[in-house]
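Data block below; observations after.
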Amino acid sequence: MTKARIHKNIIIIGAGMAGLTAALYAGRMNLSTLVLENGIVGGQIANATGIENYPGFAKVSGKELMSNLQAQAESFGAEIDEFDMIQRVQLKSTPKLVETDEHIYEADVVIIASGMNRRKLPLPEAGRYANKGVHYCELCDGHMYQDKVIAVMGGGNAAVDAANFLSKYAKKLYLIHRSQLRADEISQQKLLENTKAAVMLETEIKALHGEGRLESIDVFDKKSNQESSIAVDGIFVNIGVEPNSSLFAEELELKDGRIPAGEDCRTKIPGVFAAGDIREKEIRQLTTAAADGTAAALLAEKYIVKLQGGKSEW
């Protein structure tokens with residue numbers, strides 16, 4: 001089948017905070033804009049149940065915040081396609097090429113805002129229990145464990161927040177982490193005061209067991225040097241994230257999986273920008289992702305105008 005070739009001013013790869021903010025600004029500047037997303041529109045933050053550090057909101061769910069941003073971007077003409085998977089990119093050409101399952105897109109600018117995914121449970125049997133007791137999205141799958149025994153693996157804010165959220169379903173909840181908690185004090189205190197929750201630190205998960213689905217886990221207590229088995233119905237894994245950058249590895253230099261780019265989000269390839277968590281930087285917050293999306297879109301417009309021999313209006 002011959003694929004249709006379609007030209008866009010800007011193609012944005014990723015529909016998280018950075019990508020949707022870029023789409024909002026690009027749409028407002030009357031640039032033909034397409035956002036490609038192969039996961040959840042809204043990115044990882046769409047799973048957050050209560051965001052309290054985004055300016056202008058005392059508390060807002062990730063789903064509500066990102067749904068509003070998506071609606072804003074679409075209201076200014078940005079298109080969002082979450083079903084057409086990207087097969088390859090060609091970033092050094094002019095125009096740039098992005099080939100998906102259905103189309104070949106030509107773009108003046110590509111903004112990479114592909115973000116990160118949760119790191120998988122590093123046990124050989126983890127795949128056997130995928131969605132049969134092993135999960136990575138508490139907001140998506142937590143409701144399946146009403147009055148069940150739930151374990152959460154991890155020690156950062158994502159893990160502790162997941163444990164606090166899942167406690168409303170669980171009859172018993174274990175938070176298991178191989179060292180000490182790194183989450184903020186408020187989240188930790190909330191969990192520690194929960195009578196349903198047991199926090200197991202300096203503890204490693206060694207194996208998963210079950211006929212057809214997860215039934216128990218083996219854990220090793222490093223303090224006592226003892227191994228034991230815990231009956232659980234499900235485990236939610238929050239042990240860090242991995243940048244979604246493999247698609248660009250042949251054309252862009254990567255640093256620890258992320259794309260080097262300055263505060264202007266420009267990469268070494270003219271017309272290619274990196275925004276949000278995929279960009280190599282020190283601070284990664286919702287606000288900095290929004291700032292990246294803004295900068296990338298505005299500077300993309302300047303690049304396009306220069307490419308076309310005109311003058312930017314801002």
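Letters for chains follow the order of the structure tokens (A, B, ...), residue numbers begin at 1 for each chain, and ligand numbers begin at 1 in the order shown.
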Would you mind listing what lies within 8 Å of Leu286 of chain A as a ChimeraX atom specification, with only C-alpha atoms counted and same-chain residues fewer than 4 positions away left out?
/A:17,54,290
Please identify all polymer residues within 8 Å of Val219 of chain A, counting only C-alpha atoms, omitting same-chain residues fewer than 2 positions from it, and present them as a PyMOL selection string.
chain A and resi 203-207+217+221+227-230
Per DSSP on the backbone, filter segment 132-240 of chain A down to the residues in alpha helix (DSSP H) and report them as a short mmCIF file (atom, residue, chain, number, x, y, z; two decimals) with N, CA and C atoms, in the first residue's frame.
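What follows is the written file out-v1.cif:
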data_model
loop_
_atom_site.label_atom_id
_atom_site.label_comp_id
_atom_site.auth_asym_id
_atom_site.auth_seq_id
_atom_site.Cartn_x
_atom_site.Cartn_y
_atom_site.Cartn_z
N GLU A 138 -1.55 2.82 38.58
CA GLU A 138 -2.50 2.65 39.66
C GLU A 138 -3.85 3.29 39.35
N LEU A 139 -3.84 4.41 38.61
CA LEU A 139 -5.09 5.07 38.28
C LEU A 139 -5.90 4.22 37.30
N CYS A 140 -5.19 3.55 36.38
CA CYS A 140 -5.85 2.72 35.38
C CYS A 140 -6.40 1.43 35.99
N ASP A 141 -5.63 0.79 36.86
CA ASP A 141 -5.93 -0.59 37.26
C ASP A 141 -6.24 -0.76 38.74
N ASN A 157 8.42 9.68 45.28
CA ASN A 157 7.09 10.27 45.37
C ASN A 157 6.05 9.48 44.58
N ALA A 158 6.43 8.99 43.39
CA ALA A 158 5.48 8.26 42.56
C ALA A 158 4.98 7.02 43.30
N ALA A 159 5.89 6.31 43.95
CA ALA A 159 5.52 5.08 44.66
C ALA A 159 4.66 5.38 45.88
N VAL A 160 5.07 6.36 46.68
CA VAL A 160 4.33 6.67 47.90
C VAL A 160 2.96 7.25 47.56
N ASP A 161 2.90 8.09 46.55
CA ASP A 161 1.61 8.63 46.12
C ASP A 161 0.70 7.51 45.61
N ALA A 162 1.30 6.55 44.87
CA ALA A 162 0.52 5.40 44.39
C ALA A 162 -0.02 4.59 45.56
N ALA A 163 0.82 4.39 46.57
CA ALA A 163 0.38 3.64 47.75
C ALA A 163 -0.76 4.36 48.46
N ASN A 164 -0.64 5.67 48.61
CA ASN A 164 -1.71 6.43 49.26
C ASN A 164 -3.01 6.33 48.46
N PHE A 165 -2.90 6.38 47.15
CA PHE A 165 -4.09 6.28 46.31
C PHE A 165 -4.71 4.88 46.39
N LEU A 166 -3.88 3.85 46.31
CA LEU A 166 -4.37 2.48 46.29
C LEU A 166 -4.95 2.04 47.63
N GLU A 185 7.98 14.65 52.77
CA GLU A 185 7.57 14.30 54.13
C GLU A 185 6.06 14.19 54.29
N ILE A 186 5.32 15.05 53.61
CA ILE A 186 3.86 15.03 53.74
C ILE A 186 3.29 13.72 53.22
N SER A 187 3.78 13.28 52.05
CA SER A 187 3.28 12.02 51.47
C SER A 187 3.68 10.83 52.34
N GLN A 188 4.92 10.85 52.84
CA GLN A 188 5.37 9.77 53.72
C GLN A 188 4.51 9.68 54.98
N GLN A 189 4.27 10.83 55.59
CA GLN A 189 3.51 10.84 56.84
C GLN A 189 2.10 10.32 56.63
N LYS A 190 1.50 10.69 55.52
CA LYS A 190 0.15 10.21 55.22
C LYS A 190 0.12 8.70 55.13
N LEU A 191 1.14 8.13 54.49
CA LEU A 191 1.19 6.68 54.35
C LEU A 191 1.47 6.01 55.69
N LEU A 192 2.41 6.55 56.45
CA LEU A 192 2.79 5.94 57.73
C LEU A 192 1.65 5.96 58.74
#
I'd like to know which of A:Leu20, A:Lys3, A:Gln44, A:Ile235 is closest to Gln285 of chain A, using only C-alpha atoms.
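Checking each of A:Leu20, A:Lys3, A:Gln44, A:Ile235 against Gln285 of chain A, counting only C-alpha atoms, the winner is A:Gln44.
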DSSP-assigned strand (DSSP E or B) members of segment 3-232 of chain A, reported as a PyMOL selection string
chain A and resi 4-13+33-36+51+60+79-81+86-90+96-100+103-112+116-118+130+134-135+149-153+172-176+197-200+203-209+216-221+226-231
Quick check, in Å to one decimal: how far apart do atom CA of Ile283 of chain A and atom CA of Ala73 of chain A lie?
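Computing it gives 24.9 Å between the two atoms.
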Give me the residues of segment 94-187 of chain A that have any atom at most 9 Å from an atom of segment 80-88 of chain A; for each, the nearest atom pair and the distance in Å, rounded to one decimal. Use only C-alpha atoms, sort by chain and number, and format it as CSV.
residue,atom,partner,partner_atom,distance
A:Leu97,CA,A:Arg88,CA,8.3
A:Val98,CA,A:Arg88,CA,6.2
A:Glu99,CA,A:Arg88,CA,5.4
A:Thr100,CA,A:Ile86,CA,4.1
A:Asp101,CA,A:Met85,CA,5.6
A:Glu102,CA,A:Asp84,CA,6.4
A:His103,CA,A:Asp84,CA,8.2
Looking at only C-alpha atoms, which of A:Leu214, A:Ala231, A:Ile12, A:Met116 is the one that sits closest to Leu173 of chain A?
A:Ala231
Counting only C-alpha atoms, the residue of A:Lys171, A:Lys120, A:Lys302, A:His7 that sits nearest Gly240 of chain A:
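Answer, going by the shortest atom-to-atom distance: A:Lys120.
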Selected residue, from A:Ile304, A:Val241, A:Val89, A:Ile104, that lies nearest to Gly257 of chain A when counting only C-alpha atoms:
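Going through A:Ile304, A:Val241, A:Val89, A:Ile104 one by one, the smallest distance to Gly257 of chain A is for A:Val241.
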With only C-alpha atoms as the counted atoms, please give the residues lying no more than 6 Å from segment 142-156 of chain A, apart from itself and same-chain residues fewer than 4 positions off, as a compact mmCIF listing (two decimals) with N, CA and C atoms, in the first residue's frame.
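New file result-v6.txt:
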# COMPACT_ATOMS: atom_id res chain seq x y z
N GLU A 138 -1.55 2.82 38.58
CA GLU A 138 -2.50 2.65 39.66
C GLU A 138 -3.85 3.29 39.35
N TYR A 169 -8.63 1.30 48.01
CA TYR A 169 -9.17 0.04 47.52
C TYR A 169 -8.74 -1.13 48.40
N ALA A 170 -7.50 -1.11 48.86
CA ALA A 170 -6.89 -2.28 49.49
C ALA A 170 -7.46 -2.56 50.88
N LYS A 171 -7.55 -3.86 51.21
CA LYS A 171 -7.81 -4.21 52.61
C LYS A 171 -6.49 -4.26 53.38
N LYS A 172 -5.39 -4.50 52.65
CA LYS A 172 -4.05 -4.46 53.21
C LYS A 172 -3.10 -4.01 52.12
N LEU A 173 -2.13 -3.15 52.48
CA LEU A 173 -1.21 -2.62 51.48
C LEU A 173 0.22 -2.66 52.01
N TYR A 174 1.13 -3.12 51.17
CA TYR A 174 2.55 -3.14 51.51
C TYR A 174 3.29 -2.18 50.58
N LEU A 175 4.11 -1.32 51.13
CA LEU A 175 5.06 -0.55 50.33
C LEU A 175 6.43 -1.18 50.56
N ILE A 176 7.06 -1.64 49.50
CA ILE A 176 8.32 -2.37 49.59
C ILE A 176 9.39 -1.61 48.82
N HIS A 177 10.50 -1.33 49.52
CA HIS A 177 11.58 -0.59 48.87
C HIS A 177 12.92 -1.10 49.35
N LEU A 181 13.00 5.69 52.01
CA LEU A 181 12.05 6.48 51.23
C LEU A 181 12.67 7.81 50.81
N ARG A 182 12.35 8.24 49.59
CA ARG A 182 12.81 9.52 49.08
C ARG A 182 11.66 10.51 48.86
N ALA A 183 10.45 10.07 49.10
CA ALA A 183 9.28 10.91 48.87
C ALA A 183 9.25 12.08 49.85
N VAL A 232 -0.17 -11.75 48.04
CA VAL A 232 -0.68 -10.49 47.48
C VAL A 232 -1.53 -10.81 46.26
N ASP A 233 -2.47 -9.92 45.98
CA ASP A 233 -3.29 -10.08 44.78
C ASP A 233 -2.72 -9.28 43.61
N GLY A 234 -1.99 -8.21 43.91
CA GLY A 234 -1.43 -7.38 42.84
C GLY A 234 -0.26 -6.57 43.35
N ILE A 235 0.62 -6.21 42.41
CA ILE A 235 1.75 -5.34 42.73
C ILE A 235 1.82 -4.23 41.70
N PHE A 236 2.01 -3.00 42.19
CA PHE A 236 2.12 -1.83 41.33
C PHE A 236 3.56 -1.33 41.43
N VAL A 237 4.21 -1.23 40.27
CA VAL A 237 5.65 -0.99 40.21
C VAL A 237 5.92 0.48 39.92
N ASN A 238 6.71 1.12 40.79
CA ASN A 238 7.11 2.52 40.62
C ASN A 238 8.59 2.63 40.96
N ILE A 239 9.46 2.18 40.07
CA ILE A 239 10.90 2.13 40.36
C ILE A 239 11.70 2.99 39.38
Could you tell me how far atom CA of Ala130 of chain A sits from atom CA of Lys222 of chain A, in Å to one decimal place?
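Taking atom CA of Lys222 of chain A and atom CA of Ala130 of chain A, their separation equals 27.0 Å.
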Go through A:Leu208, A:Leu65, A:Ala58, A:Leu36 and flag the residue nearest Arg128 of chain A, using only C-alpha atoms for the distances.
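Comparing A:Leu208, A:Leu65, A:Ala58, A:Leu36 against Arg128 of chain A, the winner is A:Leu208.
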Counting only C-alpha atoms, the residue of A:Pro260, A:Gly293, A:Gly271, A:Pro122 that sits nearest Val305 of chain A
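Residue with the minimum atom-to-atom distance to Val305 of chain A: A:Gly271.
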Excluding same-chain residues fewer than 4 positions from Leu252 of chain A, what lies within 12 Å of it counting only C-alpha atoms, as a PyMOL selection string?
chain A and resi 89-92+112+245-248+257-261+266-270+272-274+279
Could you write out that same residue set with N, CA and C atoms as a tab-separated table (two decimals), in the first residue's frame?
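Contents of out.tsv, freshly written:
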chain	number	residue	atom	x	y	z
A	89	VAL	N	12.02	8.02	11.76
A	89	VAL	CA	12.12	9.46	11.54
A	89	VAL	C	13.39	9.75	10.75
A	90	GLN	N	13.35	10.83	9.99
A	90	GLN	CA	14.52	11.32	9.25
A	90	GLN	C	14.62	12.81	9.56
A	91	LEU	N	15.51	13.14	10.50
A	91	LEU	CA	15.52	14.48	11.06
A	91	LEU	C	16.47	15.45	10.38
A	92	LYS	N	17.49	14.93	9.71
A	92	LYS	CA	18.52	15.80	9.14
A	92	LYS	C	18.14	16.35	7.77
A	112	ILE	N	10.45	17.08	19.65
A	112	ILE	CA	10.45	15.79	20.34
A	112	ILE	C	10.08	16.02	21.79
A	245	SER	N	13.57	7.46	23.88
A	245	SER	CA	14.46	8.11	22.92
A	245	SER	C	15.05	7.17	21.88
A	246	SER	N	14.71	5.89	21.92
A	246	SER	CA	15.33	4.92	21.01
A	246	SER	C	15.07	5.26	19.55
A	247	LEU	N	13.94	5.88	19.26
A	247	LEU	CA	13.57	6.23	17.89
A	247	LEU	C	14.55	7.22	17.27
A	248	PHE	N	15.24	7.99	18.13
A	248	PHE	CA	16.09	9.08	17.64
A	248	PHE	C	17.59	8.80	17.81
A	257	GLY	N	20.33	8.48	27.72
A	257	GLY	CA	19.02	8.26	27.12
A	257	GLY	C	18.24	9.51	26.80
A	258	ARG	N	18.72	10.66	27.24
A	258	ARG	CA	18.01	11.91	26.98
A	258	ARG	C	18.71	12.72	25.90
A	259	ILE	N	18.01	13.69	25.35
A	259	ILE	CA	18.52	14.47	24.22
A	259	ILE	C	19.12	15.77	24.72
A	260	PRO	N	20.40	15.99	24.49
A	260	PRO	CA	21.01	17.27	24.89
A	260	PRO	C	20.40	18.43	24.11
A	261	ALA	N	19.98	19.44	24.82
A	261	ALA	CA	19.45	20.67	24.22
A	261	ALA	C	19.47	21.74	25.30
A	266	ARG	N	16.73	23.83	21.47
A	266	ARG	CA	17.29	23.49	20.17
A	266	ARG	C	18.28	22.33	20.31
A	267	THR	N	18.15	21.35	19.43
A	267	THR	CA	19.13	20.29	19.36
A	267	THR	C	20.21	20.69	18.36
A	268	LYS	N	21.15	19.78	18.09
A	268	LYS	CA	22.21	20.08	17.13
A	268	LYS	C	21.72	20.07	15.68
A	269	ILE	N	20.51	19.56	15.47
A	269	ILE	CA	19.95	19.53	14.12
A	269	ILE	C	19.00	20.72	13.96
A	270	PRO	N	19.27	21.62	13.02
A	270	PRO	CA	18.36	22.76	12.81
A	270	PRO	C	16.93	22.30	12.55
A	272	VAL	N	14.98	20.91	14.74
A	272	VAL	CA	14.60	19.82	15.64
A	272	VAL	C	14.79	20.30	17.08
A	273	PHE	N	13.72	20.21	17.88
A	273	PHE	CA	13.72	20.68	19.25
A	273	PHE	C	13.40	19.52	20.19
A	274	ALA	N	13.93	19.58	21.39
A	274	ALA	CA	13.62	18.59	22.44
A	274	ALA	C	13.00	19.33	23.62
A	279	ARG	N	14.35	15.98	27.36
A	279	ARG	CA	15.51	16.87	27.25
A	279	ARG	C	16.44	16.69	28.43
Would you mind reading off the distance between atom CA of Leu299 of chain A and atom CA of Cys265 of chain A, one decimal, in Å?
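Straight-line distance from atom CA of Leu299 of chain A to atom CA of Cys265 of chain A works out to 8.6 Å.
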